[in-house]
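Presented below is the structure to which this report refers.
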Amino acid sequence: MHQNETFKEVAAKLASEKTFHMESLFRLIRQPSISAQNLGVLECADLLQSMMVDAGIETQLLETEGFPVVYGEVLHPDNDLTVLFYGHYDVQPPEPLELWHSEPFEPTIRDGKIFGRGTGDNKGQLIAHVLAVKTLLELYGKLPINVKFLFEGEEEKGSVHLEPFAEKHKDLLKADIAYTADGPMEGKDQPSVTLGNRGLLYIELNAKGALRDNHSGNKGNIAPNPAMDLINLIRSMIDEEGTVLIDGFYDGILTPTKEELDHIRSLPFNPEATAEVIGIDEINMTVEEYYKKLCLSPTFNIAGFGSGYTGEGTKTIIPSEAKVKIDMRLAADQDPNQIFESILAHVEQFKSKSKISVDYLGGVKPSRTPMHLEIVQKVIQSVEISHGKTPVVLPALGGTGPMYIFTDILGIPSLTIPYANVDEDNHAPNENIGEKEYLDGIRTTCATILHLGDRI
């Protein structure tokens with residue numbers, strides 16, 4: 001798409017302020033904000049608020065039952081359209097620290113990438129919105145649309161307090177569309193737009209056998225083995241092909257439309273490059289199989305399993321307890337609470353010598369936005385204007401975010417436009433965002449604001 005003189009002017013200003021934009025991200029990365037450990041989150045909220053105020057955004061910290069929401073707005077009475085930018089300022093724990101090649105909270109540039117915890121997920125992507133607004137305000141004095149900011153501090157804990165916050169502040173959060181920059185692009189130098197996301201259910205199964213570990217010879221076949229019982233329980237939940245066997249698990253899943261299936265068949269897919277990003281030898285799937293599995297189907301995944309002795313050499317014991325953490329990504333219209341109830345019923349019917357309990361650790365509903373909406377098409381055009389190439393449009397993000405807050409509670413369409421590179425390694429050691437991708441993200445937010453305001 002053609003870039004007009006206004007956008008060229010914006011691009012020139014962005015280029016002249018590269019150093020400031022890099023330093024802004026570095027400030028944010030240096031402040032830890034690990035919500036799971038209650039480490040530095042409040043301090044990060046204060047820092048983010050001050051950076052937004054400096055950008056010309058009217059900003060306040062709004063309390064939740066957990067960490068505060070950093071809310072901001074730039075409104076003008078003549079503007080009719082409002083965009084709500086969403087992001088999260090909390091990050092994952094950096095462990096295992098020994099696998100990092102540089103300090104996780106000291107941003108370091110190597111090979112054109114900025115390394116540090118939160119660079120891609122999500123500080124580099126949310127601050128792009130703030131810097132874009134700062135740029136446009138300095139250039140033109142006002143924005144052609146209204147913008148609001150909703151930056152939370154608990155996304156990495158499942159956004160546990162965001163729903164009641166949104167219910168309480170519906171008027172404050174009123175907007176025409178929600179815009180999230182999060183996650184990696186679909187491929188190298190391939191801009192992407194996603195129309196929804198899968199939901200999440202996270203549980204922990206705990207099995208307790210004897211009061212203490214027992215000798216595997218002296219008490220073998222006598223003492224219960226909770227690790228084996230959990231393995232048998234999991235095998236009763238899912239078969240070798242990955243089909244979940246829990247009654248009711250697939251109830252209510254939204255059937256993909258012909259248009260959605262036709263669309264995903266048209267998407268670019270490079271199995272060799274995708275396998276390299278994942279770190280496996282090969283992917284034997286068609287493009288339709290790949291995107292159906294990634295965007296439109298639920299998962300059942302063992303995230304962690306612990307029991308017994310796992311050190312060097314041998315220790316012949318029957319462990320007294322075992323635990324397994326399981327996350328399930330949910331397809332459109334699946335209900336995490338309903339599925340949890342089905343899991344409780346399944347465990348209750350399972351016969352085991354160990355005592356097995358189920359803990360609910362978090363749940364997020366899936367979300368979906370129609371592609372044909374005019375405002376959705378305008379955002380897709382904005383991404384194309386910024387990058388100079390047509391973005392890949394996915395029916396849903398494989399990962400999870402609280403986008404149902406926008407579609408189900410606020411009643412507005414919700415899009416996710418990833419700014420990070422495909423190999424950002426979010427949640428892993430050596431998380432990163434490319435310098436180019438970070439700076440391109442600021443430009444993309446500028447393009448969106450200007451295009452929605454009919455300036456480009």
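All residue names refer to the structure tokens as shown: chains lettered A, B, ... in order, residues numbered from 1 in each chain, ligands numbered from 1 in order.
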
Output as a tab-separated table one row per residue of stretch 13-79 of chain A within 12 Å of stretch 174-190 of chain A: the closest atom pair and its distance in Å to one decimal place, counting only C-alpha atoms, sorted by chain and residue number ascending.
residue	atom	partner	partner_atom	distance
A:Glu73	CA	A:Ala175	CA	11.2
A:Leu75	CA	A:Ala175	CA	11.4
A:Asn79	CA	A:Ala175	CA	11.9

Just write the chosen residues, C-alpha atoms, as a compact mmCIF listing (two decimals), in the first residue's frame.
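Contents of the output file part.txt:
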# COMPACT_ATOMS: atom_id res chain seq x y z
CA GLU A 73 -6.03 8.01 27.74
CA LEU A 75 -9.09 12.00 24.23
CA ASN A 79 -12.83 12.39 17.62

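Proximity to A:His161 at 9 Å, evaluated using only C-alpha atoms and with sequence-adjacent residues fewer than 6 positions away removed, yields Thr64, Glu65, Gly66, Phe67 and Glu154 of chain A.
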
Take the residues that were just selected and, keeping N, CA and C atoms, output them as a short mmCIF file (atom, residue, chain, number, x, y, z; two decimals), in the first residue's frame.
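Once everything was written out, this is out-v2.cif:
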data_model
loop_
_atom_site.label_atom_id
_atom_site.label_comp_id
_atom_site.auth_asym_id
_atom_site.auth_seq_id
_atom_site.Cartn_x
_atom_site.Cartn_y
_atom_site.Cartn_z
N THR A 64 -6.80 -3.22 41.66
CA THR A 64 -7.54 -4.46 41.51
C THR A 64 -7.34 -5.25 42.80
N GLU A 65 -7.86 -6.46 42.86
CA GLU A 65 -7.62 -7.31 44.02
C GLU A 65 -6.18 -7.81 44.04
N GLY A 66 -5.46 -7.62 42.94
CA GLY A 66 -4.05 -8.00 42.87
C GLY A 66 -3.21 -6.79 42.55
N PHE A 67 -2.43 -6.88 41.48
CA PHE A 67 -1.57 -5.76 41.08
C PHE A 67 -2.37 -4.74 40.27
N GLU A 154 -0.84 -8.79 35.75
CA GLU A 154 -1.07 -10.18 36.16
C GLU A 154 -1.34 -11.11 35.00
#

* To do: Per DSSP on the backbone, filter stretch 96-299 of chain A down to the residues in strand (DSSP E) and report them as a PyMOL selection string.
  => chain A and resi 108-110+113-115+146-152+177-180+192-194+196-197+199-208+214-215

Show me a table, sorted first by chain and then by increasing residue number, of the residues of stretch 24-78 of chain A having an atom at most 10 Å from stretch 102-118 of chain A, each with its shortest atom pair and the distance in Å to one decimal, counting only C-alpha atoms and written as CSV.
residue,atom,partner,partner_atom,distance
A:Leu25,CA,A:Pro107,CA,8.7
A:Phe26,CA,A:Pro107,CA,6.0
A:Arg27,CA,A:Pro107,CA,8.9
A:Leu28,CA,A:Gly118,CA,8.6
A:Ile29,CA,A:Phe105,CA,5.9
A:Arg30,CA,A:Phe105,CA,4.9
A:Gln31,CA,A:Phe105,CA,7.0
A:Pro32,CA,A:Phe105,CA,6.5
A:Ser33,CA,A:Gly118,CA,8.8
A:Ile34,CA,A:Arg117,CA,9.6

Expected file: the selected residues, C-alpha atoms, as an mmCIF file, in the first residue's frame:
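Below is the file that was written, selection_18.cif:
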data_model
loop_
_atom_site.group_PDB
_atom_site.id
_atom_site.type_symbol
_atom_site.label_atom_id
_atom_site.label_comp_id
_atom_site.auth_asym_id
_atom_site.auth_seq_id
_atom_site.Cartn_x
_atom_site.Cartn_y
_atom_site.Cartn_z
ATOM 1 C CA LEU A 25 12.697 -0.050 26.469
ATOM 2 C CA PHE A 26 15.942 -0.578 28.385
ATOM 3 C CA ARG A 27 14.544 1.378 31.369
ATOM 4 C CA LEU A 28 11.491 -0.832 31.457
ATOM 5 C CA ILE A 29 13.452 -4.087 31.131
ATOM 6 C CA ARG A 30 15.840 -3.157 33.951
ATOM 7 C CA GLN A 31 12.893 -3.012 36.339
ATOM 8 C CA PRO A 32 11.927 -6.624 37.220
ATOM 9 C CA SER A 33 8.188 -7.271 37.427
ATOM 10 C CA ILE A 34 7.706 -10.967 38.155
#

* Skipping near chain neighbours, those fewer than 6 positions away, what residues fall within 12 Å of A:Thr390 using only C-alpha atoms, listed as a list in words? -> Met1, Asp189, Gln190, Pro191, Ser192, Val193, Leu267, Pro268, Gln377, Val379, Ile380, Gln381, Ser382, Val383 and Glu384 of chain A

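We find atom CA of A:Lys365 and atom CA of A:Gly199 to be spaced 4.6 Å apart.
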
List every residue of stretch 182-235 of chain A that has an atom at most 7 Å from any atom of stretch 356-362 of chain A, giving for each one its closest atom pair and the distance in Å to one decimal, counting only C-alpha atoms, sorted by chain and then by ascending residue number, as CSV.
residue,atom,partner,partner_atom,distance
A:Leu201,CA,A:Gly362,CA,5.9
A:Tyr202,CA,A:Gly362,CA,5.1
A:Ile203,CA,A:Tyr360,CA,4.8
A:Glu204,CA,A:Asp359,CA,5.1
A:Leu205,CA,A:Val358,CA,4.8
A:Asn206,CA,A:Ser357,CA,5.3
A:Ala207,CA,A:Ile356,CA,4.3
A:Lys208,CA,A:Ile356,CA,6.5

For N, CA and C atoms, I'd like the residues from the last selection saved as a compact mmCIF listing (two decimals), in the first residue's frame.
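Result written to out_20.txt:
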# COMPACT_ATOMS: atom_id res chain seq x y z
N LEU A 201 -6.97 -23.74 30.37
CA LEU A 201 -7.28 -24.33 31.67
C LEU A 201 -5.99 -24.95 32.19
N TYR A 202 -5.60 -24.55 33.41
CA TYR A 202 -4.35 -25.06 34.00
C TYR A 202 -4.70 -25.74 35.32
N ILE A 203 -4.31 -27.02 35.44
CA ILE A 203 -4.60 -27.78 36.65
C ILE A 203 -3.34 -28.44 37.17
N GLU A 204 -3.40 -28.87 38.42
CA GLU A 204 -2.34 -29.68 39.00
C GLU A 204 -2.98 -30.91 39.64
N LEU A 205 -2.45 -32.09 39.30
CA LEU A 205 -2.88 -33.34 39.91
C LEU A 205 -1.85 -33.76 40.96
N ASN A 206 -2.31 -34.02 42.16
CA ASN A 206 -1.44 -34.48 43.24
C ASN A 206 -1.88 -35.86 43.70
N ALA A 207 -0.90 -36.76 43.77
CA ALA A 207 -1.18 -38.12 44.24
C ALA A 207 -0.33 -38.43 45.47
N LYS A 208 -0.96 -38.97 46.50
CA LYS A 208 -0.25 -39.32 47.73
C LYS A 208 -0.45 -40.81 48.01

* atom CA of A:Lys134 to atom CA of A:Glu374: how many Å, to one decimal? -> 26.9 Å

* Spatial neighbours of stretch 231-245 of chain A, 9 Å, only C-alpha atoms, chain gap at least 6 places, as a list of chain:residue names -> A:Thr299, A:Phe300, A:Ile343, A:His346, A:Val347, A:Phe350, A:Lys351, A:Ser352
